[in-house]
$ cat start_11.pdb   # PDB, C-alpha atoms and all ligand atoms
ATOM      1  CA  MET A 288       0.000   0.000   0.000
ATOM      2  CA  LYS A 289       2.826   2.322  -0.904
ATOM      3  CA  ASP A 290       0.353   4.725  -2.453
ATOM      4  CA  ASN A 291      -0.890   5.500   1.022
ATOM      5  CA  ILE A 292       2.429   6.833   2.225
ATOM      6  CA  PRO A 293       2.036  10.603   2.052
ATOM      7  CA  SER A 294       4.808  12.339   0.208
ATOM      8  CA  LEU A 295       6.574  15.275   1.733
ATOM      9  CA  GLU A 296       6.502  18.325  -0.498
ATOM     10  CA  MET A 297       8.513  21.508  -0.278
ATOM     11  CA  ALA A 298       8.732  24.542  -2.536
ATOM     12  CA  PHE A 299      11.113  27.490  -2.407
ATOM     13  CA  PRO A 300      11.045  30.633  -4.517
ATOM     14  CA  VAL A 301      14.417  31.371  -6.114
ATOM     15  CA  ARG A 302      15.297  34.920  -7.066
ATOM     16  CA  ALA A 303      17.536  35.764  -9.987
ATOM     17  CA  ARG A 304      20.990  37.124  -9.097
ATOM     18  CA  ASP A 305      20.372  36.706  -5.354
ATOM     19  CA  PHE A 306      23.692  35.115  -4.476
ATOM     20  CA  LEU A 307      23.139  35.559  -0.762
ATOM     21  CA  ALA A 308      19.957  33.479  -0.541
ATOM     22  CA  GLY A 309      20.810  31.290  -3.545
ATOM     23  CA  GLY A 310      21.338  27.767  -2.263
ATOM     24  CA  ASP A 311      19.017  28.097   0.714
ATOM     25  CA  GLY A 312      16.388  25.897  -0.920
ATOM     26  CA  ALA A 313      18.834  23.053  -1.501
ATOM     27  CA  ALA A 314      20.156  23.469   2.039
ATOM     28  CA  ARG A 315      16.630  23.151   3.464
ATOM     29  CA  ILE A 316      15.885  20.070   1.375
ATOM     30  CA  ARG A 317      19.138  18.519   2.545
ATOM     31  CA  ARG A 318      18.310  19.201   6.192
ATOM     32  CA  VAL A 319      14.894  17.576   5.885
ATOM     33  CA  LEU A 320      16.422  14.486   4.266
ATOM     34  CA  GLN A 321      18.879  14.274   7.156
ATOM     35  CA  GLN A 322      16.092  14.577   9.697
ATOM     36  CA  VAL A 323      14.067  11.869   7.965
ATOM     37  CA  GLY A 324      17.162   9.672   7.995
ATOM     38  CA  PHE A 325      17.985   9.011   4.336
ATOM     39  CA  PRO A 326      21.418   7.430   3.669
ATOM     40  CA  PRO A 327      24.239  10.010   3.442
ATOM     41  CA  ALA A 328      25.138   8.986  -0.117
ATOM     42  CA  ILE A 329      21.577   9.645  -1.286
ATOM     43  CA  ILE A 330      21.399  12.949   0.579
ATOM     44  CA  ARG A 331      24.643  14.034  -0.984
ATOM     45  CA  ARG A 332      23.447  13.317  -4.509
ATOM     46  CA  VAL A 333      20.156  15.135  -3.927
ATOM     47  CA  ALA A 334      21.902  18.104  -2.308
ATOM     48  CA  ILE A 335      24.424  18.520  -5.111
ATOM     49  CA  ALA A 336      21.817  18.204  -7.867
ATOM     50  CA  ALA A 337      19.359  20.539  -6.137
ATOM     51  CA  TYR A 338      22.075  23.083  -5.413
ATOM     52  CA  GLU A 339      23.356  23.167  -8.995
ATOM     53  CA  ALA A 340      19.785  23.448 -10.309
ATOM     54  CA  GLU A 341      18.983  26.226  -7.846
ATOM     55  CA  MET A 342      22.140  28.150  -8.726
ATOM     56  CA  ASN A 343      21.316  27.848 -12.423
ATOM     57  CA  ILE A 344      18.046  29.646 -11.710
ATOM     58  CA  VAL A 345      19.963  32.333  -9.790
ATOM     59  CA  ILE A 346      22.622  32.758 -12.467
ATOM     60  CA  HIS A 347      20.890  32.144 -15.781
ATOM     61  CA  SER A 348      17.184  32.874 -15.363
ATOM     62  CA  GLU A 349      14.795  35.603 -14.316
ATOM     63  CA  GLY A 350      13.740  33.708 -11.215
ATOM     64  CA  GLY A 351      11.763  30.584 -10.474
ATOM     65  CA  GLU A 352      11.077  27.872  -7.993
ATOM     66  CA  LEU A 353      12.805  24.831  -6.525
ATOM     67  CA  LYS A 354      10.527  21.987  -5.480
ATOM     68  CA  ALA A 355      11.127  18.687  -3.746
ATOM     69  CA  GLN A 356       8.822  15.724  -3.454
ATOM     70  CA  ILE A 357      10.056  13.126  -1.009
ATOM     71  CA  THR A 358       8.807   9.593  -0.464
ATOM     72  CA  PRO A 359      10.714   6.720   1.161
ATOM     73  CA  GLU A 360      11.470   5.300  -2.297
ATOM     74  CA  VAL A 361      12.147   8.299  -4.466
ATOM     75  CA  ILE A 362      13.116  11.944  -4.287
ATOM     76  CA  THR A 363      12.037  14.248  -7.084
ATOM     77  CA  ILE A 364      13.567  17.695  -7.486
ATOM     78  CA  THR A 365      12.012  20.156  -9.896
ATOM     79  CA  ALA A 366      13.656  23.470 -10.779
ATOM     80  CA  ARG A 367      11.417  25.663 -12.895
ATOM     81  CA  ASP A 368      12.160  29.172 -14.077
ATOM     82  CA  THR A 369      10.959  31.916 -16.321
ATOM     83  CA  GLY A 370      14.201  32.721 -18.035
ATOM     84  CA  PRO A 371      15.678  32.892 -21.491
ATOM     85  CA  GLY A 372      15.577  29.097 -21.817
ATOM     86  CA  ILE A 373      18.334  26.876 -23.209
ATOM     87  CA  PRO A 374      18.583  26.966 -27.018
ATOM     88  CA  ASP A 375      20.761  23.841 -27.337
ATOM     89  CA  ILE A 376      20.356  21.467 -24.402
ATOM     90  CA  GLU A 377      22.886  18.937 -25.696
ATOM     91  CA  LEU A 378      25.533  21.652 -25.877
ATOM     92  CA  ALA A 379      24.612  22.965 -22.420
ATOM     93  CA  MET A 380      25.081  19.459 -20.995
ATOM     94  CA  GLN A 381      28.720  19.320 -22.101
ATOM     95  CA  GLU A 382      31.346  19.645 -19.383
ATOM     96  CA  GLY A 383      32.898  23.083 -19.416
ATOM     97  CA  TYR A 384      30.220  24.741 -21.549
ATOM     98  CA  SER A 385      29.043  27.916 -19.872
ATOM     99  CA  THR A 386      27.563  31.224 -20.910
ATOM    100  CA  ALA A 387      28.097  32.710 -17.434
ATOM    101  CA  PRO A 388      29.705  36.145 -17.624
ATOM    102  CA  ARG A 389      33.164  36.711 -16.255
ATOM    103  CA  GLU A 390      32.116  38.417 -13.025
ATOM    104  CA  ILE A 391      30.038  35.358 -12.162
ATOM    105  CA  GLN A 392      32.939  33.027 -12.921
ATOM    106  CA  GLU A 393      35.065  35.058 -10.555
ATOM    107  CA  MET A 394      32.604  34.201  -7.817
ATOM    108  CA  GLY A 395      33.343  30.499  -8.332
ATOM    109  CA  PHE A 396      30.282  29.674 -10.423
ATOM    110  CA  GLY A 397      30.009  29.155 -14.130
ATOM    111  CA  ALA A 398      32.553  26.400 -14.670
ATOM    112  CA  GLY A 399      30.087  24.669 -16.948
ATOM    113  CA  MET A 400      29.954  21.666 -14.632
ATOM    114  CA  GLY A 401      26.478  22.217 -13.178
ATOM    115  CA  LEU A 402      24.340  20.235 -15.611
ATOM    116  CA  PRO A 403      26.969  17.456 -15.908
ATOM    117  CA  ASN A 404      27.047  17.279 -12.088
ATOM    118  CA  ILE A 405      23.261  17.025 -12.017
ATOM    119  CA  ARG A 406      23.321  14.254 -14.618
ATOM    120  CA  ARG A 407      25.853  12.268 -12.583
ATOM    121  CA  CYS A 408      23.813  12.605  -9.405
ATOM    122  CA  ALA A 409      20.452  11.821 -10.985
ATOM    123  CA  ASP A 410      18.928   8.440 -11.756
ATOM    124  CA  GLU A 411      16.637  10.191 -14.206
ATOM    125  CA  LEU A 412      16.984  13.673 -15.628
ATOM    126  CA  GLU A 413      14.630  15.565 -17.879
ATOM    127  CA  ILE A 414      15.238  19.097 -19.106
ATOM    128  CA  LYS A 415      12.437  20.957 -20.825
ATOM    129  CA  SER A 416      13.427  24.268 -22.311
ATOM    130  CA  ALA A 417      13.063  26.453 -25.341
ATOM    131  CA  PRO A 418      14.257  29.973 -26.102
ATOM    132  CA  GLY A 419      12.005  32.463 -24.354
ATOM    133  CA  GLN A 420      10.006  29.683 -22.681
ATOM    134  CA  GLY A 421      11.946  29.228 -19.472
ATOM    135  CA  THR A 422      13.497  26.007 -18.248
ATOM    136  CA  THR A 423      12.227  23.072 -16.212
ATOM    137  CA  VAL A 424      14.732  20.590 -14.836
ATOM    138  CA  ASN A 425      13.275  17.419 -13.384
ATOM    139  CA  ILE A 426      15.602  15.243 -11.318
ATOM    140  CA  ILE A 427      14.714  11.820  -9.937
ATOM    141  CA  ILE A 428      16.883  10.011  -7.398
ATOM    142  CA  TYR A 429      15.826   6.608  -6.079
ATOM    143  CA  ASN A 430      16.512   5.626  -2.502
ATOM    144  CA  ARG A 431      18.158   2.295  -3.177
TER     145      ARG A 431
ATOM    146  CA  MET B  87      44.761  14.542  10.589
ATOM    147  CA  LYS B  88      43.272  16.767  13.247
ATOM    148  CA  LEU B  89      42.209  20.303  12.390
ATOM    149  CA  ARG B  90      44.653  21.451  15.050
ATOM    150  CA  GLU B  91      47.533  20.005  13.007
ATOM    151  CA  VAL B  92      46.197  21.697   9.884
ATOM    152  CA  GLN B  93      46.208  24.969  11.762
ATOM    153  CA  ALA B  94      49.795  24.460  12.945
ATOM    154  CA  ILE B  95      51.125  23.374   9.539
ATOM    155  CA  LEU B  96      49.556  26.347   7.762
ATOM    156  CA  LYS B  97      50.162  28.771  10.652
ATOM    157  CA  ALA B  98      46.505  29.500  10.250
ATOM    158  CA  GLU B  99      44.276  31.986  11.950
ATOM    159  CA  VAL B 100      40.957  30.587  13.191
ATOM    160  CA  PHE B 101      38.003  32.792  12.240
ATOM    161  CA  THR B 102      35.415  30.498  13.793
ATOM    162  CA  GLY B 103      35.355  26.997  15.277
ATOM    163  CA  ALA B 104      38.270  27.326  17.711
ATOM    164  CA  ASP B 105      36.447  24.805  19.903
ATOM    165  CA  LYS B 106      36.392  22.242  17.094
ATOM    166  CA  LEU B 107      40.097  21.853  16.381
ATOM    167  CA  ASP B 108      40.117  18.262  17.572
ATOM    168  CA  ILE B 109      37.932  16.976  14.740
ATOM    169  CA  GLU B 110      39.495  14.768  12.089
ATOM    170  CA  VAL B 111      39.814  15.495   8.394
ATOM    171  CA  GLU B 112      40.517  12.536   6.130
ATOM    172  CA  ALA B 113      41.191  14.270   2.823
ATOM    173  CA  GLY B 114      41.948  17.658   1.325
ATOM    174  CA  PHE B 115      40.517  19.398  -1.727
ATOM    175  CA  GLY B 116      41.798  22.701  -3.092
ATOM    176  CA  SER B 117      39.815  24.648  -5.681
ATOM    177  CA  ASP B 118      38.252  27.969  -6.553
ATOM    178  CA  LEU B 119      35.675  26.238  -8.738
ATOM    179  CA  MET B 120      32.790  25.199  -6.549
ATOM    180  CA  SER B 121      31.243  22.901  -9.164
ATOM    181  CA  ASP B 122      34.496  20.927  -9.120
ATOM    182  CA  VAL B 123      34.246  20.731  -5.344
ATOM    183  CA  LEU B 124      30.676  19.439  -5.656
ATOM    184  CA  ALA B 125      31.747  16.887  -8.265
ATOM    185  CA  PHE B 126      34.984  15.537  -6.836
ATOM    186  CA  ALA B 127      35.442  16.250  -3.129
ATOM    187  CA  CYS B 128      35.417  13.088  -1.082
ATOM    188  CA  GLY B 129      34.885  11.826   2.429
ATOM    189  CA  ARG B 130      35.351  14.040   5.479
ATOM    190  CA  VAL B 131      37.080  16.698   3.478
ATOM    191  CA  LEU B 132      38.994  19.870   4.245
ATOM    192  CA  LEU B 133      38.217  22.494   1.616
ATOM    193  CA  LEU B 134      40.975  24.919   0.635
ATOM    194  CA  THR B 135      39.948  27.904  -1.455
ATOM    195  CA  GLY B 136      40.784  31.493  -2.281
ATOM    196  CA  LEU B 137      37.139  32.485  -2.559
ATOM    197  CA  THR B 138      35.305  34.063   0.352
ATOM    198  CA  ASN B 139      31.692  34.352  -0.789
ATOM    199  CA  THR B 140      28.550  32.595   0.445
ATOM    200  CA  HIS B 141      28.740  30.092  -2.421
ATOM    201  CA  VAL B 142      31.755  28.563  -0.676
ATOM    202  CA  ILE B 143      29.864  28.061   2.588
ATOM    203  CA  HIS B 144      26.842  26.605   0.797
ATOM    204  CA  THR B 145      29.045  24.287  -1.218
ATOM    205  CA  ALA B 146      30.840  23.120   1.903
ATOM    206  CA  ALA B 147      27.500  22.322   3.508
ATOM    207  CA  MET B 148      26.289  20.309   0.509
ATOM    208  CA  ILE B 149      29.292  17.980   0.699
ATOM    209  CA  ASP B 150      29.522  17.910   4.512
ATOM    210  CA  ALA B 151      32.990  19.447   4.447
ATOM    211  CA  VAL B 152      34.669  19.369   7.852
ATOM    212  CA  ALA B 153      36.197  22.846   7.610
ATOM    213  CA  ILE B 154      37.352  25.524   5.172
ATOM    214  CA  VAL B 155      40.818  27.036   4.874
ATOM    215  CA  PHE B 156      41.017  30.352   3.019
ATOM    216  CA  VAL B 157      44.403  30.610   1.314
ATOM    217  CA  ARG B 158      46.614  33.510   0.175
ATOM    218  CA  GLY B 159      45.542  35.754   3.023
ATOM    219  CA  LYS B 160      41.880  35.973   2.011
ATOM    220  CA  ARG B 161      39.627  37.021   4.878
ATOM    221  CA  PRO B 162      35.923  36.185   5.106
ATOM    222  CA  ASP B 163      33.661  39.056   6.146
ATOM    223  CA  LYS B 164      31.542  39.122   9.307
ATOM    224  CA  THR B 165      28.402  37.827   7.598
ATOM    225  CA  LEU B 166      30.258  34.806   6.291
ATOM    226  CA  ILE B 167      31.887  34.065   9.638
ATOM    227  CA  GLN B 168      28.518  34.299  11.377
ATOM    228  CA  ALA B 169      26.871  32.025   8.821
ATOM    229  CA  ALA B 170      29.629  29.437   9.247
ATOM    230  CA  ALA B 171      29.483  29.711  13.031
ATOM    231  CA  GLY B 172      25.747  29.072  12.870
ATOM    232  CA  MET B 173      26.406  25.915  10.868
ATOM    233  CA  GLY B 174      29.217  24.764  13.150
ATOM    234  CA  LEU B 175      31.639  24.956  10.228
ATOM    235  CA  PRO B 176      35.174  25.978  11.245
ATOM    236  CA  LEU B 177      36.855  28.639   9.103
ATOM    237  CA  LEU B 178      40.629  29.037   9.009
ATOM    238  CA  GLY B 179      42.882  31.374   7.071
ATOM    239  CA  THR B 180      46.496  31.134   5.967
ATOM    240  CA  ARG B 181      48.803  33.554   4.216
ATOM    241  CA  LEU B 182      50.267  30.695   2.187
ATOM    242  CA  LEU B 183      49.318  30.330  -1.465
ATOM    243  CA  MET B 184      47.110  27.476  -2.665
ATOM    244  CA  TYR B 185      49.881  25.186  -3.934
ATOM    245  CA  ASP B 186      52.019  25.702  -0.859
ATOM    246  CA  SER B 187      49.105  25.081   1.485
ATOM    247  CA  CYS B 188      48.058  21.872  -0.258
ATOM    248  CA  GLY B 189      51.672  20.734  -0.592
ATOM    249  CA  ARG B 190      52.423  21.124   3.081
ATOM    250  CA  LEU B 191      49.303  19.286   4.143
ATOM    251  CA  PHE B 192      49.937  16.500   1.630
ATOM    252  CA  GLN B 193      53.507  16.163   2.815
ATOM    253  CA  ALA B 194      52.220  15.852   6.358
ATOM    254  CA  GLY B 195      50.041  12.934   5.283
ATOM    255  CA  LEU B 196      46.694  14.451   4.323
ATOM    256  CA  LYS B 197      45.645  12.667   1.150
ATOM    257  CA  GLY B 198      43.667  13.890  -1.810
ATOM    258  CA  CYS B 199      40.526  12.895  -3.706
ATOM    259  CA  SER B 200      41.959  11.776  -7.048
ATOM    260  CA  ARG B 201      41.005   8.248  -7.889
ATOM    261  CA  GLU B 202      43.797   6.762  -9.936
ATOM    262  CA  ALA B 203      43.585   2.991  -9.705
ATOM    263  CA  GLY B 204      46.012   1.630  -7.148
ATOM    264  CA  ASP B 205      47.178   5.075  -6.142
ATOM    265  CA  ASP B 206      48.098   4.980  -2.476
ATOM    266  CA  GLN B 207      48.242   8.784  -2.336
ATOM    267  CA  VAL B 208      44.475   8.903  -2.376
ATOM    268  CA  ALA B 209      42.509   8.950   0.857
ATOM    269  CA  SER B 210      41.897   5.358   1.883
ATOM    270  CA  GLY B 211      38.551   3.629   1.942
ATOM    271  CA  LEU B 212      36.986   6.129  -0.404
ATOM    272  CA  ALA B 213      35.759   3.504  -2.815
ATOM    273  CA  ASP B 214      33.401   2.187  -0.172
ATOM    274  CA  ASN B 215      33.023   5.421   1.730
ATOM    275  CA  LYS B 216      29.363   5.929   2.508
ATOM    276  CA  THR B 217      29.549   9.647   1.912
ATOM    277  CA  ARG B 218      31.126   9.279  -1.500
ATOM    278  CA  PRO B 219      28.573   9.044  -4.285
ATOM    279  CA  GLU B 220      28.899   5.806  -6.241
ATOM    280  CA  TRP B 221      28.506   7.666  -9.516
ATOM    281  CA  LEU B 222      31.924   9.294  -9.300
ATOM    282  CA  PRO B 223      34.481   8.267 -11.927
TER     283      PRO B 223
HETATM  284  N1  LIG A 501      17.946  27.612 -15.913
HETATM  285  C1  LIG A 501      18.638  27.969 -17.006
HETATM  286  N2  LIG A 501      18.172  28.956 -17.826
HETATM  287  C2  LIG A 501      18.863  29.315 -18.929
HETATM  288  N3  LIG A 501      20.048  28.768 -19.304
HETATM  289  C3  LIG A 501      20.561  27.800 -18.514
HETATM  290  C4  LIG A 501      19.890  27.340 -17.333
HETATM  291  N4  LIG A 501      20.632  26.363 -16.778
HETATM  292  C5  LIG A 501      21.709  26.215 -17.566
HETATM  293  N5  LIG A 501      21.678  27.069 -18.617
HETATM  294  C6  LIG A 501      22.658  27.165 -19.726
HETATM  295  O1  LIG A 501      23.459  25.997 -19.745
HETATM  296  C7  LIG A 501      24.828  26.342 -19.542
HETATM  297  C8  LIG A 501      25.525  25.238 -18.752
HETATM  298  O2  LIG A 501      24.972  25.126 -17.438
HETATM  299  P1  LIG A 501      25.857  24.513 -16.269
HETATM  300  O3  LIG A 501      26.365  23.176 -16.716
HETATM  301  O4  LIG A 501      25.090  24.549 -15.007
HETATM  302  O5  LIG A 501      27.093  25.488 -16.224
HETATM  303  P2  LIG A 501      27.238  26.944 -15.605
HETATM  304  O6  LIG A 501      26.027  27.215 -14.745
HETATM  305  O7  LIG A 501      28.492  26.839 -14.815
HETATM  306  O8  LIG A 501      27.351  27.893 -16.754
HETATM  307  C9  LIG A 501      24.792  27.661 -18.842
HETATM  308  O9  LIG A 501      25.976  28.402 -18.979
HETATM  309  C10 LIG A 501      23.606  28.335 -19.529
HETATM  310  O10 LIG A 501      23.978  28.810 -20.795
HETATM  311 MG    MG A 502      25.336  25.906 -13.391
END
$ encode --input "start_11.pdb" --output "structure tokens" --more "lines below"
Ligand SMILES: Nc1ncnc2c1ncn2[C@@H]1O[C@H](COP(=O)(O)OP(=O)(O)O)[C@@H](O)[C@H]1O
Ligand SMILES: [Mg+2]
Amino acid sequence: MKDNIPSLEMAFPVRARDFLAGGDGAARIRRVLQQVGFPPAIIRRVAIAAYEAEMNIVIHSEGGELKAQITPEVITITARDTGPGIPDIELAMQEGYSTAPREIQEMGFGAGMGLPNIRRCADELEIKSAPGQGTTVNIIIYNR
Amino acid sequence: MKLREVQAILKAEVFTGADKLDIEVEAGFGSDLMSDVLAFACGRVLLLTGLTNTHVIHTAAMIDAVAIVFVRGKRPDKTLIQAAAGMGLPLLGTRLLMYDSCGRLFQAGLKGCSREAGDDQVASGLADNKTRPEWLP
């Protein structure tokens, strides 16, 4: 009767260019997973993927939302934004590819490793994006 | 290696966490690229960096870093120190440059996170370390 287990849902607004609060959503998700008692290796993968997705909203979009849906079996992270979108997703997925401006790279972001990091952490990854349509990144990590 | 030894080797100033110098670090990772830290840092890691913004603190939290050492004389501001103190994350600072800092710690026995097969310079037990994601190369 797994369907009866209520899932835990969280949602955090993410503001563009807010480098002070950027990452708070991922940090909160991580804390909840720790409190619930997920294995450290799972928590780490979720935290890294959620953090990279959240920072992409901060850096590349015009703002959006980070959501987590947690059940004992599976954790789903959704990062949705209203930004410029990604014209070529395959290119964006390549290690080292980044359109982040120099001043952002000097802050330690924009190494072009975010999406590749997310892919490595995720069991399933879906990116929906088109120019001018915003971006939705859906990350699934199984607790197994 | 205890944080106290790290402090002595690097002649480091302690910005916060002076009461936590007896905790153990099992590996070191030096980088100014936080995505690289997220991708490759391993185990109970000591993070060495020349960056002093909030991204560094957040990144350290995501990977459960034991402590941060700011190299080449970089000083975190009050907000950053307070944030780290609130998280129980020790912050140290050394005047040494990145290479020198890492080199001295490595020489003193603190291993790294590279995963060359059969390389005994890499922190031990990382292959089956529970905190290391199994997806890493
Ligand atoms: N939410 C987003 N909105 C628009 N573009 C994005 C978004 N996320 C990623 N991108 C594009 O994909 C590129 C690669 O992303 P990523 O691998 O995270 O590297 P980085 O963030 O370091 O540039 C970015 O430089 C950007 O061009
Ligand atoms: Mg990114």
$ atom_distance --input "start_11.pdb" --atom1 "atom C1 of ligand LIG 501 (chain A)" --atom2 "atom CA of A:Glu352"
11.8 Å
$ interface_residues --input "start_11.pdb" --of "chain A" --to "chain B" --cutoff "8 Å" --atoms "all atoms listed in the file" --output "list of chain:residue names"
A:Phe306, A:Leu307, A:Gly310, A:Asp311, A:Ala314, A:Arg317, A:Pro327, A:Ala328, A:Ile329, A:Arg331, A:Arg332, A:Ala334, A:Ile335, A:Tyr338, A:Glu339, A:Met394, A:Gly395, A:Phe396, A:Ala398, A:Met400, A:Gly401, A:Asn404, A:Arg407, A:Cys408
$ residues_near_ligand --input "start_11.pdb" --ligand "ligand LIG 501 (chain A)" --cutoff "7 Å" --atoms "all atoms listed in the file" --output "list of chain:residue names"
A:Glu339, A:Asn343, A:Ile344, A:Ile346, A:His347, A:Ser348, A:Asp368, A:Gly370, A:Pro371, A:Gly372, A:Ile373, A:Ala379, A:Met380, A:Glu382, A:Tyr384, A:Ser385, A:Thr386, A:Ala387, A:Phe396, A:Gly397, A:Ala398, A:Gly399, A:Met400, A:Gly401, A:Leu402, A:Pro403, A:Gly421, A:Thr422
$ residues_around --input "start_11.pdb" --residues "B:Ala194" --least-positions-apart "4" --cutoff "10 Å" --atoms "only C-alpha atoms" --output "PyMOL selection string"
chain B and resi 87+91-92+95+188-190
$ residues_near_point --input "start_11.pdb" --point "(20.4, 15.1, -8.2)" --cutoff "6 Å" --atoms "all atoms listed in the file" --output "PyMOL selection string"
chain A and resi 332-333+336-337+405+408-409+426
$ residues_around --input "start_11.pdb" --residues "A:Gly312" --least-positions-apart "3" --cutoff "10 Å" --atoms "all atoms listed in the file" --output "PyMOL selection string"
chain A and resi 297-301+308-309+315-318+334+337-338+341-342+352-355
$ resolve_selection --input "start_11.pdb" --expression "the PyMOL selection byres (((chain B and resi 153-158) around 7) and not hetatm)" --output "mmCIF file with C-alpha atoms, in the coordinates of the input"
data_model
loop_
_atom_site.group_PDB
_atom_site.id
_atom_site.type_symbol
_atom_site.label_atom_id
_atom_site.label_comp_id
_atom_site.auth_asym_id
_atom_site.auth_seq_id
_atom_site.Cartn_x
_atom_site.Cartn_y
_atom_site.Cartn_z
ATOM 1 C CA LEU B 132 38.994 19.870 4.245
ATOM 2 C CA LEU B 133 38.217 22.494 1.616
ATOM 3 C CA LEU B 134 40.975 24.919 0.635
ATOM 4 C CA THR B 135 39.948 27.904 -1.455
ATOM 5 C CA GLY B 136 40.784 31.493 -2.281
ATOM 6 C CA ALA B 151 32.990 19.447 4.447
ATOM 7 C CA VAL B 152 34.669 19.369 7.852
ATOM 8 C CA GLY B 159 45.542 35.754 3.023
ATOM 9 C CA LYS B 160 41.880 35.973 2.011
ATOM 10 C CA LEU B 175 31.639 24.956 10.228
ATOM 11 C CA PRO B 176 35.174 25.978 11.245
ATOM 12 C CA LEU B 177 36.855 28.639 9.103
ATOM 13 C CA LEU B 178 40.629 29.037 9.009
ATOM 14 C CA GLY B 179 42.882 31.374 7.071
ATOM 15 C CA THR B 180 46.496 31.134 5.967
ATOM 16 C CA ARG B 181 48.803 33.554 4.216
ATOM 17 C CA LEU B 182 50.267 30.695 2.187
ATOM 18 C CA LEU B 183 49.318 30.330 -1.465
ATOM 19 C CA MET B 184 47.110 27.476 -2.665
#
$ closest_residue --input "start_11.pdb" --among "A:Ile357, A:Gln420, A:Asn425, A:Ala340" --to "ligand MG 502 (chain A)" --atoms "only C-alpha atoms and all ligand atoms"
A:Ala340
$ closest_residue --input "start_11.pdb" --among "A:Gly383, A:Gly350, A:Pro374, A:Pro293" --to "ligand MG 502 (chain A)" --atoms "all atoms listed in the file"
A:Gly383
$ atom_distance --input "start_11.pdb" --atom1 "atom CA of A:Val345" --atom2 "atom CA of A:Ile362"
22.2 Å
